[in-house]
Amino acid sequence: AFEMISLCKLLLVATSVCEIQSFILPSLKPYQKPSHLKIAGSNENSVSEQGKFGDTGIKCSSCSAFYLLPSDMLGEKGKRVKCEVCGHTWFQNRDRIITLEQEYTTKDFPLEKVKEIHSKLEKGVSLSSTKKKGEMSLFVGNLPFTLTEQDLVDLFKDYGDVMSTTIVKDAMDRSRGFGFVEMEKKSEGKEAMEGLQNYQINGRAITVRDGNARGGNSNRR
């Protein structure tokens with residue numbers, strides 16, 4: 001049997017104490033995924049912590065809550081962990097822990113999002129299906145590995161309403177260099193394909209095509 005790490009939630013209104021079973025573990029606080037200092041917002045009141053190169057953490061694949069976690073807490077082979085925001089559990093291998101490669105800032109995991117997640121779970125709605133769909137799904141390839149989902153929104157919004165964006169990532173939470181954009185209108189999606197095909201971003205010519213066409217979503221999972 002694997003030892004379970006309970007990622008205790010200490011939110012803005014946290015008053016309860018998490019029960020730690022079978023081992024001693026400091027309470028861990030859920031954050032949004034850390035932002036590098038160079039792109040962090042100017043509102044200092046929103047910053048919870050600042051960290052340095054080489055810090056480690058893990059991210060829940062269900063609700064995206066991020067936990068700062070020293071790798072030695074996972075032992076030699078890893079441990080099963082539980083997200084206290086959404087209740088998702090998974091086995092976290094030590095060699096797949098996320099290493100933050102620059103100085104960074106963290107922000108509290110939004111309490112409003114916690115309430116939204118709990119509401120969806122109570123209604124039996126899968127968290128993996130919360131991305132909004134549009135009339136046209138676009139596959140976007142050859143992306144710079146530093147590009148974010150918000151960057152995709154900013155790139156495509158000139159062509160119409162962007163319903164949602166997804167950057168596909170590996171088990172280490174690193175971009176795989178491609179993603180998907182949901183455009184509200186099919187006509188807007190076609191304009192975006194024409195306008196952004198071979199568009200240069202940081203020296204890369206991106207690929208934009210119909211995500212539902214044959215081969216357009218062959219890598220989607």
# chains A, B, ... in the order shown; residues from 1 in each chain; ligands from 1

call {"tool": "closest_atom_pairs", "arguments": {"of": "region 140-202 of chain A", "to": "region 98-120 of chain A", "cutoff": "9 Å", "atoms": "only C-alpha atoms", "output": "JSON lines"}}
result
{"residue": "A:Ala171", "atom": "CA", "partner": "A:Ile98", "partner_atom": "CA", "distance": 9.0}
{"residue": "A:Met172", "atom": "CA", "partner": "A:Ile98", "partner_atom": "CA", "distance": 5.7}
{"residue": "A:Asp173", "atom": "CA", "partner": "A:Ile98", "partner_atom": "CA", "distance": 6.9}
{"residue": "A:Arg174", "atom": "CA", "partner": "A:Ile98", "partner_atom": "CA", "distance": 8.7}

call {"tool": "write_last_selection", "arguments": {"atoms": "C-alpha atoms", "output": "PDB file, in the first residue's frame"}}
result
ATOM      1  CA  ALA A 171       3.851  14.756 -17.187  1.00  0.00           C
ATOM      2  CA  MET A 172       6.351  17.362 -15.959  1.00  0.00           C
ATOM      3  CA  ASP A 173       3.888  20.184 -16.761  1.00  0.00           C
ATOM      4  CA  ARG A 174       6.049  21.367 -19.674  1.00  0.00           C
TER       5      ARG A 174
END

call {"tool": "residues_around", "arguments": {"residues": "region 148-156 of chain A", "least_positions_apart": "4", "cutoff": "8 Å", "atoms": "only C-alpha atoms", "output": "VMD selection string"}}
result
chain A and resid 160 162 164 to 167 181 192

call {"tool": "atom_distance", "arguments": {"atom1": "CA of Ile206 (chain A)", "atom2": "CA of Gly177 (chain A)"}}
result
9.8 Å

call {"tool": "atom_distance", "arguments": {"atom1": "CA of Arg80 (chain A)", "atom2": "CA of Asn93 (chain A)"}}
result
8.5 Å
